[in-house]
>>> print(open('work37.cif').read())   # mmCIF, C-alpha atoms
data_target
#
loop_
_atom_site.label_atom_id
_atom_site.label_comp_id
_atom_site.auth_asym_id
_atom_site.auth_seq_id
_atom_site.Cartn_x
_atom_site.Cartn_y
_atom_site.Cartn_z
CA MET F 428 17.33 -1.35 6.13
CA ASN F 429 14.75 -4.07 5.80
CA SER F 430 16.01 -7.22 4.13
CA GLU F 431 12.55 -8.47 3.15
CA TYR F 432 12.26 -5.72 0.52
CA SER F 433 14.45 -4.88 -2.40
CA ASP F 434 16.74 -1.99 -1.41
CA ALA F 435 14.94 0.90 -3.10
CA LEU F 436 11.58 -0.18 -1.69
CA GLY F 437 12.98 -0.84 1.79
CA ASN F 438 14.60 2.57 1.77
CA LEU F 439 11.33 4.28 0.80
CA VAL F 440 9.48 2.42 3.59
CA ASP F 441 12.22 3.43 6.07
CA GLN F 442 12.03 7.09 5.06
CA LEU F 443 8.22 7.21 5.20
CA ALA F 444 8.20 5.44 8.59
CA LYS F 445 10.26 8.34 10.01
CA LEU F 446 7.27 10.68 9.55
CA PRO F 447 5.19 11.32 12.68
CA GLY F 448 2.17 9.08 13.10
CA ILE F 449 3.31 6.79 10.27
CA GLY F 450 4.12 3.31 11.53
CA ARG F 451 5.81 0.60 9.46
CA LYS F 452 2.49 -0.81 8.24
CA SER F 453 1.30 2.63 7.06
CA ALA F 454 4.71 3.37 5.54
CA GLN F 455 4.46 0.11 3.59
CA ARG F 456 0.96 1.01 2.37
CA LEU F 457 2.11 4.48 1.30
CA ALA F 458 5.20 3.08 -0.44
CA PHE F 459 3.14 0.59 -2.45
CA HIS F 460 0.70 3.35 -3.34
CA ILE F 461 3.55 5.55 -4.58
CA LEU F 462 4.85 2.65 -6.68
CA LYS F 463 1.42 2.14 -8.25
CA GLN F 464 0.97 5.83 -9.12
CA PRO F 465 2.13 7.28 -12.44
CA ASP F 466 5.74 8.52 -12.42
CA LYS F 467 4.50 12.10 -12.64
CA GLU F 468 2.67 11.91 -9.30
CA ALA F 469 5.74 10.63 -7.46
CA ARG F 470 7.85 13.39 -9.02
CA LEU F 471 5.32 16.05 -7.95
CA LEU F 472 5.47 14.76 -4.36
CA ALA F 473 9.27 14.63 -4.28
CA LYS F 474 9.48 18.10 -5.82
CA ALA F 475 6.95 19.54 -3.36
CA ILE F 476 9.10 18.29 -0.46
CA ILE F 477 12.29 19.82 -1.86
CA ASP F 478 10.55 23.07 -2.89
CA ALA F 479 8.92 23.57 0.49
CA LYS F 480 12.25 22.98 2.28
CA GLU F 481 14.05 25.41 -0.01
CA LYS F 482 11.49 28.20 -0.12
CA ILE F 483 9.79 28.25 3.26
CA HIS F 484 11.38 30.09 6.17
CA TYR F 485 10.34 32.32 9.04
CA CYS F 486 8.70 35.74 8.55
CA LYS F 487 11.19 38.37 9.68
CA THR F 488 8.60 40.03 11.90
CA CYS F 489 6.35 37.38 13.40
CA TYR F 490 8.19 34.07 12.74
CA ASN F 491 5.21 32.59 10.94
CA LEU F 492 6.13 30.42 7.93
CA THR F 493 6.36 32.14 4.55
CA ASP F 494 8.09 31.92 1.19
CA GLN F 495 8.54 35.72 1.14
CA GLU F 496 10.57 38.02 3.39
CA TYR F 497 7.45 38.84 5.44
CA CYS F 498 4.37 36.61 5.77
CA SER F 499 1.06 37.42 4.08
CA ILE F 500 -0.46 38.60 7.37
CA CYS F 501 2.40 40.99 8.21
CA ARG F 502 2.29 42.31 4.60
CA ASN F 503 -1.48 42.91 4.72
CA PRO F 504 -2.05 46.70 5.20
CA ASN F 505 -5.59 46.07 6.49
CA ARG F 506 -4.44 44.24 9.62
CA ASP F 507 -4.57 46.05 12.98
CA THR F 508 -0.91 46.50 13.95
CA SER F 509 -1.73 47.54 17.51
CA VAL F 510 -2.66 44.02 18.65
CA ILE F 511 -0.33 41.00 18.64
CA CYS F 512 -1.60 37.48 19.23
CA VAL F 513 1.12 35.16 20.58
CA VAL F 514 0.87 31.49 19.57
CA GLU F 515 3.05 28.42 20.03
CA ASP F 516 3.07 27.11 16.47
CA ALA F 517 2.56 28.27 12.88
CA ARG F 518 -0.35 25.83 12.62
CA ASP F 519 -2.10 27.81 15.36
CA VAL F 520 -2.01 30.86 13.06
CA LEU F 521 -3.84 28.86 10.38
CA ALA F 522 -6.46 27.67 12.87
CA LEU F 523 -7.05 31.19 14.23
CA GLU F 524 -7.21 32.66 10.72
CA ARG F 525 -9.89 30.11 9.84
CA ALA F 526 -11.92 31.33 12.85
CA ASN F 527 -11.91 34.73 11.08
CA GLU F 528 -12.22 36.62 14.36
CA PHE F 529 -8.82 38.25 14.88
CA ARG F 530 -7.64 41.10 12.63
CA GLY F 531 -4.32 41.96 14.31
CA LEU F 532 -0.84 40.48 13.87
CA TYR F 533 0.68 37.29 15.24
CA HIS F 534 3.88 36.27 16.95
CA VAL F 535 4.91 32.61 16.71
CA LEU F 536 6.99 31.39 19.67
CA HIS F 537 7.84 28.01 18.08
CA GLY F 538 7.17 26.04 21.21
CA ALA F 539 6.20 26.45 24.84
CA ILE F 540 8.20 26.58 28.05
CA SER F 541 8.81 23.00 29.18
CA PRO F 542 11.63 22.52 31.70
CA MET F 543 11.21 18.72 31.40
CA ASP F 544 12.20 18.93 27.72
CA GLY F 545 14.88 21.56 28.40
CA ILE F 546 12.88 24.29 26.67
CA GLY F 547 13.11 27.68 28.37
CA PRO F 548 12.26 31.19 27.10
CA GLU F 549 15.64 31.43 25.38
CA GLN F 550 14.70 28.50 23.09
CA LEU F 551 11.53 30.36 22.04
CA LYS F 552 11.04 33.60 20.05
CA VAL F 553 10.52 35.57 23.29
CA LYS F 554 13.48 37.92 22.89
CA GLU F 555 12.22 38.65 19.36
CA LEU F 556 8.80 39.52 20.79
CA LEU F 557 10.33 41.98 23.25
CA LEU F 558 12.38 43.64 20.49
CA ARG F 559 9.25 43.86 18.37
CA LEU F 560 7.23 45.46 21.19
CA GLN F 561 9.98 48.04 21.65
CA SER F 562 10.00 49.12 18.02
CA GLN F 563 6.25 48.91 17.32
CA PRO F 564 3.54 50.68 19.37
CA THR F 565 1.38 47.87 20.73
CA GLU F 566 -1.80 48.24 22.79
CA GLU F 567 -2.56 44.64 23.55
CA VAL F 568 -0.85 41.28 23.51
CA ILE F 569 -3.30 38.35 23.39
CA ILE F 570 -1.69 35.14 24.61
CA ALA F 571 -3.14 32.22 22.64
CA THR F 572 -0.78 29.46 23.75
CA ASN F 573 -2.35 26.04 24.27
CA THR F 574 -4.28 25.34 27.45
CA SER F 575 -1.81 22.58 28.33
CA ILE F 576 0.49 22.85 31.36
CA GLU F 577 3.31 24.09 29.10
CA GLY F 578 1.02 26.56 27.34
CA GLU F 579 -0.25 27.92 30.65
CA ALA F 580 3.28 28.22 32.04
CA THR F 581 4.31 30.13 28.92
CA ALA F 582 1.27 32.42 29.24
CA MET F 583 2.11 33.17 32.88
CA TYR F 584 5.76 33.80 32.05
CA LEU F 585 4.87 36.21 29.22
CA ALA F 586 2.26 38.02 31.32
CA ASN F 587 4.83 38.64 34.09
CA LEU F 588 7.35 39.80 31.50
CA LEU F 589 5.08 42.14 29.52
CA LYS F 590 2.83 43.71 32.17
CA PRO F 591 5.66 45.81 33.70
CA LEU F 592 6.12 47.33 30.21
CA GLY F 593 2.63 48.85 30.48
CA ILE F 594 1.14 46.67 27.75
CA LYS F 595 -2.34 45.18 28.19
CA VAL F 596 -1.90 41.38 28.29
CA THR F 597 -4.93 39.11 27.78
CA ARG F 598 -5.46 35.36 27.60
CA ILE F 599 -7.95 33.61 25.30
CA ALA F 600 -11.02 32.29 27.13
CA GLN F 601 -11.31 28.72 28.34
CA GLY F 602 -14.60 26.89 28.63
CA LEU F 603 -16.90 24.45 26.96
CA PRO F 604 -16.20 24.03 23.23
CA VAL F 605 -19.04 25.13 20.97
CA GLY F 606 -21.32 22.18 20.32
CA GLY F 607 -19.81 20.55 23.42
CA ASP F 608 -21.86 18.33 25.68
CA ILE F 609 -21.68 19.14 29.39
CA GLN F 610 -21.97 15.48 30.35
CA TYR F 611 -18.84 14.63 28.36
CA ALA F 612 -16.74 17.65 29.38
CA ASP F 613 -13.89 17.08 31.83
CA GLU F 614 -14.11 18.70 35.25
CA VAL F 615 -11.24 21.16 34.70
CA THR F 616 -12.93 22.54 31.57
CA LEU F 617 -16.23 22.80 33.41
CA ALA F 618 -14.56 24.63 36.32
CA ARG F 619 -12.98 27.10 33.86
CA ALA F 620 -16.32 27.53 32.09
CA PHE F 621 -17.90 28.52 35.42
CA GLU F 622 -15.04 30.84 36.40
CA GLY F 623 -15.25 32.63 33.09
CA ARG F 624 -19.07 32.94 33.02
CA TRP F 625 -20.52 36.24 31.76
CA GLU F 626 -23.86 37.98 32.09
CA ILE F 627 -26.28 37.47 29.20
CA MET U 1328 -4.16 25.15 -4.13
CA ASN U 1329 -4.86 26.37 -0.65
CA SER U 1330 -4.79 30.14 -0.28
CA GLU U 1331 -4.28 30.05 3.50
CA TYR U 1332 -0.71 28.78 3.00
CA SER U 1333 2.18 30.21 1.09
CA ASP U 1334 2.40 28.44 -2.28
CA ALA U 1335 5.24 26.01 -1.58
CA LEU U 1336 3.67 24.89 1.69
CA GLY U 1337 0.17 24.63 0.20
CA ASN U 1338 1.56 22.55 -2.64
CA LEU U 1339 3.31 20.17 -0.22
CA VAL U 1340 0.10 19.76 1.81
CA ASP U 1341 -1.86 19.12 -1.42
CA GLN U 1342 0.61 16.48 -2.58
CA LEU U 1343 0.72 14.71 0.80
CA ALA U 1344 -3.10 14.77 1.05
CA LYS U 1345 -3.25 12.72 -2.18
CA LEU U 1346 -1.71 9.73 -0.35
CA PRO U 1347 -4.19 7.06 0.81
CA GLY U 1348 -5.38 7.45 4.40
CA ILE U 1349 -3.82 10.92 4.70
CA GLY U 1350 -6.48 13.59 5.18
CA ARG U 1351 -5.81 17.33 5.03
CA LYS U 1352 -5.14 17.54 8.78
CA SER U 1353 -2.58 14.74 8.63
CA ALA U 1354 -1.05 16.20 5.47
CA GLN U 1355 -0.65 19.51 7.27
CA ARG U 1356 0.98 17.79 10.26
CA LEU U 1357 3.38 15.88 7.96
CA ALA U 1358 4.22 19.04 5.98
CA PHE U 1359 5.08 21.00 9.14
CA HIS U 1360 7.16 18.06 10.35
CA ILE U 1361 9.10 17.99 7.07
CA LEU U 1362 9.70 21.74 7.35
CA LYS U 1363 11.05 21.33 10.89
CA GLN U 1364 13.43 18.50 9.91
CA PRO U 1365 17.00 19.13 8.77
CA ASP U 1366 17.32 19.67 5.00
CA LYS U 1367 19.10 16.34 4.70
CA GLU U 1368 16.09 14.35 5.97
CA ALA U 1369 13.73 15.96 3.45
CA ARG U 1370 16.20 15.25 0.66
CA LEU U 1371 16.49 11.59 1.71
CA LEU U 1372 12.70 11.24 1.60
CA ALA U 1373 12.37 12.93 -1.80
CA LYS U 1374 15.22 10.82 -3.18
CA ALA U 1375 13.75 7.59 -1.81
CA ILE U 1376 10.49 8.35 -3.66
CA ILE U 1377 12.25 9.02 -6.97
CA ASP U 1378 14.64 6.06 -6.55
CA ALA U 1379 11.86 3.61 -5.76
CA LYS U 1380 9.85 4.76 -8.78
CA GLU U 1381 12.85 4.49 -11.07
CA LYS U 1382 14.27 1.18 -9.85
CA ILE U 1383 11.30 -0.93 -8.81
CA HIS U 1384 9.38 -2.92 -11.40
CA TYR U 1385 7.76 -6.33 -11.76
CA CYS U 1386 9.75 -9.58 -11.58
CA LYS U 1387 9.73 -11.11 -15.08
CA THR U 1388 8.54 -14.46 -13.72
CA CYS U 1389 6.17 -13.87 -10.81
CA TYR U 1390 5.28 -10.15 -11.05
CA ASN U 1391 6.42 -9.49 -7.49
CA LEU U 1392 8.17 -6.13 -7.03
CA THR U 1393 11.94 -6.06 -7.45
CA ASP U 1394 14.81 -3.78 -8.45
CA GLN U 1395 16.45 -6.67 -10.39
CA GLU U 1396 15.29 -8.56 -13.47
CA TYR U 1397 13.94 -11.37 -11.27
CA CYS U 1398 12.84 -11.01 -7.64
CA SER U 1399 14.88 -12.39 -4.74
CA ILE U 1400 12.47 -15.32 -4.30
CA CYS U 1401 12.61 -16.39 -7.97
CA ARG U 1402 16.42 -16.04 -7.87
CA ASN U 1403 16.77 -18.18 -4.75
CA PRO U 1404 17.97 -21.68 -5.83
CA ASN U 1405 16.70 -23.19 -2.56
CA ARG U 1406 13.04 -22.50 -3.29
CA ASP U 1407 10.77 -25.36 -4.39
CA THR U 1408 9.90 -24.56 -8.02
CA SER U 1409 7.16 -27.21 -8.20
CA VAL U 1410 4.68 -25.19 -6.07
CA ILE U 1411 3.29 -21.77 -6.96
CA CYS U 1412 1.33 -19.68 -4.48
CA VAL U 1413 -0.99 -17.19 -6.20
CA VAL U 1414 -1.63 -13.92 -4.33
CA GLU U 1415 -3.47 -10.69 -5.13
CA ASP U 1416 -0.81 -8.19 -4.12
CA ALA U 1417 2.96 -7.89 -3.63
CA ARG U 1418 2.28 -7.05 0.02
CA ASP U 1419 0.74 -10.51 0.44
CA VAL U 1420 4.10 -12.00 -0.56
CA LEU U 1421 5.78 -10.07 2.27
CA ALA U 1422 3.14 -11.23 4.77
CA LEU U 1423 3.44 -14.88 3.70
CA GLU U 1424 7.25 -14.72 3.75
CA ARG U 1425 7.08 -13.44 7.32
CA ALA U 1426 4.99 -16.51 8.22
CA ASN U 1427 8.03 -18.56 7.10
CA GLU U 1428 5.88 -21.55 6.13
CA PHE U 1429 5.95 -21.64 2.35
CA ARG U 1430 9.14 -22.51 0.44
CA GLY U 1431 7.81 -22.47 -3.14
CA LEU U 1432 7.42 -19.63 -5.63
CA TYR U 1433 4.76 -16.94 -5.91
CA HIS U 1434 2.61 -15.44 -8.62
CA VAL U 1435 1.22 -11.94 -8.04
CA LEU U 1436 -2.08 -11.26 -9.85
CA HIS U 1437 -2.11 -7.52 -9.03
CA GLY U 1438 -5.75 -7.48 -8.07
CA ALA U 1439 -8.81 -9.70 -7.87
CA ILE U 1440 -11.74 -10.23 -10.18
CA SER U 1441 -14.31 -7.53 -9.44
CA PRO U 1442 -16.96 -6.95 -12.16
CA MET U 1443 -18.27 -3.94 -10.18
CA ASP U 1444 -14.90 -2.21 -10.67
CA GLY U 1445 -14.54 -3.47 -14.22
CA ILE U 1446 -11.71 -5.84 -13.30
CA GLY U 1447 -11.81 -9.16 -15.12
CA PRO U 1448 -9.14 -11.86 -15.59
CA GLU U 1449 -7.63 -9.91 -18.50
CA GLN U 1450 -6.76 -7.03 -16.14
CA LEU U 1451 -4.87 -9.46 -13.88
CA LYS U 1452 -1.68 -11.48 -14.46
CA VAL U 1453 -3.73 -14.61 -15.25
CA LYS U 1454 -2.52 -15.09 -18.82
CA GLU U 1455 1.03 -14.79 -17.49
CA LEU U 1456 0.28 -17.53 -14.93
CA LEU U 1457 -0.96 -19.86 -17.67
CA LEU U 1458 2.14 -19.23 -19.80
CA ARG U 1459 4.30 -19.88 -16.77
CA LEU U 1460 2.54 -23.17 -15.98
CA GLN U 1461 3.07 -24.29 -19.59
CA SER U 1462 6.82 -23.68 -19.51
CA GLN U 1463 7.54 -24.82 -15.94
CA PRO U 1464 6.58 -28.23 -14.49
CA THR U 1465 4.25 -27.42 -11.58
CA GLU U 1466 2.71 -29.91 -9.16
CA GLU U 1467 0.52 -27.65 -7.12
CA VAL U 1468 -0.97 -24.15 -7.29
CA ILE U 1469 -1.98 -22.80 -3.88
CA ILE U 1470 -4.51 -19.99 -4.22
CA ALA U 1471 -3.91 -17.46 -1.45
CA THR U 1472 -6.18 -14.67 -2.62
CA ASN U 1473 -8.05 -12.77 0.10
CA THR U 1474 -11.12 -14.30 1.70
CA SER U 1475 -13.22 -11.37 0.44
CA ILE U 1476 -15.96 -11.83 -2.17
CA GLU U 1477 -13.53 -10.73 -4.91
CA GLY U 1478 -10.77 -12.99 -3.59
CA GLU U 1479 -13.12 -15.98 -3.45
CA ALA U 1480 -14.43 -15.27 -6.97
CA THR U 1481 -10.85 -15.13 -8.23
CA ALA U 1482 -10.01 -18.41 -6.46
CA MET U 1483 -13.03 -20.13 -8.03
CA TYR U 1484 -12.17 -18.74 -11.47
CA LEU U 1485 -8.56 -19.92 -11.24
CA ALA U 1486 -9.56 -23.36 -9.91
CA ASN U 1487 -11.92 -23.87 -12.87
CA LEU U 1488 -9.22 -22.70 -15.25
CA LEU U 1489 -6.33 -24.77 -13.87
CA LYS U 1490 -7.93 -28.07 -12.84
CA PRO U 1491 -8.54 -29.19 -16.47
CA LEU U 1492 -4.77 -28.78 -17.00
CA GLY U 1493 -4.20 -31.62 -14.50
CA ILE U 1494 -2.61 -29.38 -11.87
CA LYS U 1495 -3.46 -29.82 -8.19
CA VAL U 1496 -5.18 -26.63 -7.07
CA THR U 1497 -5.54 -25.88 -3.35
CA ARG U 1498 -6.95 -22.99 -1.33
CA ILE U 1499 -5.48 -21.72 1.96
CA ALA U 1500 -7.53 -22.68 5.02
CA GLN U 1501 -10.12 -20.40 6.56
CA GLY U 1502 -10.99 -20.47 10.25
CA LEU U 1503 -10.43 -18.79 13.55
CA PRO U 1504 -7.29 -16.62 13.62
CA VAL U 1505 -4.62 -17.82 16.06
CA GLY U 1506 -5.18 -16.14 19.42
CA GLY U 1507 -8.74 -15.43 18.28
CA ASP U 1508 -11.65 -15.43 20.69
CA ILE U 1509 -14.64 -17.53 19.66
CA GLN U 1510 -17.08 -15.09 21.26
CA TYR U 1511 -15.78 -12.26 19.07
CA ALA U 1512 -15.52 -14.21 15.80
CA ASP U 1513 -18.11 -13.52 13.10
CA GLU U 1514 -20.50 -16.33 12.14
CA VAL U 1515 -19.08 -16.86 8.65
CA THR U 1516 -15.61 -17.41 10.05
CA LEU U 1517 -16.97 -19.81 12.67
CA ALA U 1518 -18.90 -21.74 10.01
CA ARG U 1519 -15.71 -22.04 7.93
CA ALA U 1520 -13.76 -23.12 11.02
CA PHE U 1521 -16.27 -25.95 11.56
CA GLU U 1522 -16.29 -27.01 7.90
CA GLY U 1523 -12.51 -27.16 7.86
CA ARG U 1524 -12.11 -29.02 11.19
CA TRP U 1525 -9.50 -31.78 11.36
CA GLU U 1526 -8.87 -34.75 13.63
CA ILE U 1527 -6.38 -34.21 16.41
#
>>> encode(input="work37.cif", output="structure tokens")
Amino acid sequence: MNSEYSDALGNLVDQLAKLPGIGRKSAQRLAFHILKQPDKEARLLAKAIIDAKEKIHYCKTCYNLTDQEYCSICRNPNRDTSVICVVEDARDVLALERANEFRGLYHVLHGAISPMDGIGPEQLKVKELLLRLQSQPTEEVIIATNTSIEGEATAMYLANLLKPLGIKVTRIAQGLPVGGDIQYADEVTLARAFEGRWEI
Amino acid sequence: MNSEYSDALGNLVDQLAKLPGIGRKSAQRLAFHILKQPDKEARLLAKAIIDAKEKIHYCKTCYNLTDQEYCSICRNPNRDTSVICVVEDARDVLALERANEFRGLYHVLHGAISPMDGIGPEQLKVKELLLRLQSQPTEEVIIATNTSIEGEATAMYLANLLKPLGIKVTRIAQGLPVGGDIQYADEVTLARAFEGRWEI
């Protein structure tokens, strides 16, 4: 509690400052903005927070976020059910959907293997992926975890786990981002771009 | 409404993206954070928003924000009631209080004169300042509006308005910020720092 504010204002600043990437200065700016807005706006924001918490949960199949029993992608009959793309986070699903390239289903792990943070496969939706692969004929699993150390470790772990099951396991390509400038690219990215080169 | 999300999530992102300085990417990050938090945290945030809107209003004397009839500064019997410091915004009061230099009272204008934005003296708490000066013996009015064009225009306007009433009107000093580097200071600031120089 911050004694320089009146209690209700200090409390709002405290609560906003708990959000990621929002420092005390930003929290103060947001709080004053909320106070200046019409009552209705503040109510809409508060209601949206409560509603989202109450209604949103994991899709029973792929662990994406949804307010239904199954997410809109799993419910879509036009999706190719023989390919599953494994991602770390529900936000990755949104990003990949925006790319409009992949027409299969997803599986959201909700994290990556990170022994330093005490996160192993049992903290992720890995067991759920195995159960899913057993019940659903799957030709290919595309691993689209991040290209960070944790993402790579997770990709390797999953590849070793799934290959013995006779499923084709692939990894998304690494290289220069589109529109990227070679002179500004880091050396690891450039090395990967060379490794993964293909004939025109 | 954003079709890529389920409704409750899209609504939360939309509401968060209305906040100043929060773009869609940040709003998405905040929304996913809120969804990951325990229910209790989200409820505390929603409640803080509603509470602040319901309880906070303007101090009847100085138009600072408060959840009482009069703000904590106006209620404090140890403050010097003969000096009033005029500021643009309630946040300026917090900043000046942190400086721990001023022991008088404040008057919050809630803006600055800006003809471009259609803000004249009648949109600010100027009339309220005049009424206050009539009912309360005041020796000095310190104008601590911003050093922007609007803040300076407001300071000039107030000085012209108050001086004929026989009240001492002063303006906070402008110069090099403490810890400031002369080589990085802009020329206007340096010119003001020279104008306002004092004998050691």
>>> resolve_selection(input="work37.cif", expression="the PyMOL selection byres ((chain U) within 8 of (chain F))", output="MDAnalysis selection string")
chainID U and resid 1331:1336 1338:1339 1342:1343 1346:1347 1357 1360:1362 1366 1369:1380 1382:1383 1392:1394 1399 1421
>>> residues_near_point(input="work37.cif", point="(7.3, -29.7, -13.1)", cutoff="12 Å", atoms="all atoms listed in the file", output="list of chain:residue names")
U:Asp1407, U:Thr1408, U:Ser1409, U:Val1410, U:Ile1411, U:Arg1459, U:Leu1460, U:Gln1461, U:Ser1462, U:Gln1463, U:Pro1464, U:Thr1465, U:Glu1466, U:Glu1467, U:Val1468, U:Gly1493, U:Ile1494, U:Lys1495
>>> atom_distance(input="work37.cif", atom1="CA of Gly1438 (chain U)", atom2="CA of Pro1404 (chain U)")
27.7 Å
>>> atom_distance(input="work37.cif", atom1="CA of Ile1400 (chain U)", atom2="CA of Gly1502 (chain U)")
28.1 Å
>>> atom_distance(input="work37.cif", atom1="CA of Glu1522 (chain U)", atom2="CA of Gln1501 (chain U)")
9.1 Å
>>> resolve_selection(input="work37.cif", expression="the PyMOL selection byres ((chain U and resi 1471-1484) around 7)", output="PyMOL selection string")
chain U and resi 1412-1415+1439-1441+1469-1470+1485-1488+1498-1499
>>> resolve_selection(input="work37.cif", expression="the PyMOL selection byres ((chain F and resi 555) around 12)", output="list in words")
Cys486, Lys487, Thr488, Cys489, Tyr490, Val513, His534, Val535, Leu536, His537, Pro548, Glu549, Gln550, Leu551, Lys552, Val553, Lys554, Leu556, Leu557, Leu558, Arg559, Leu560, Gln561 and Ser562 of chain F
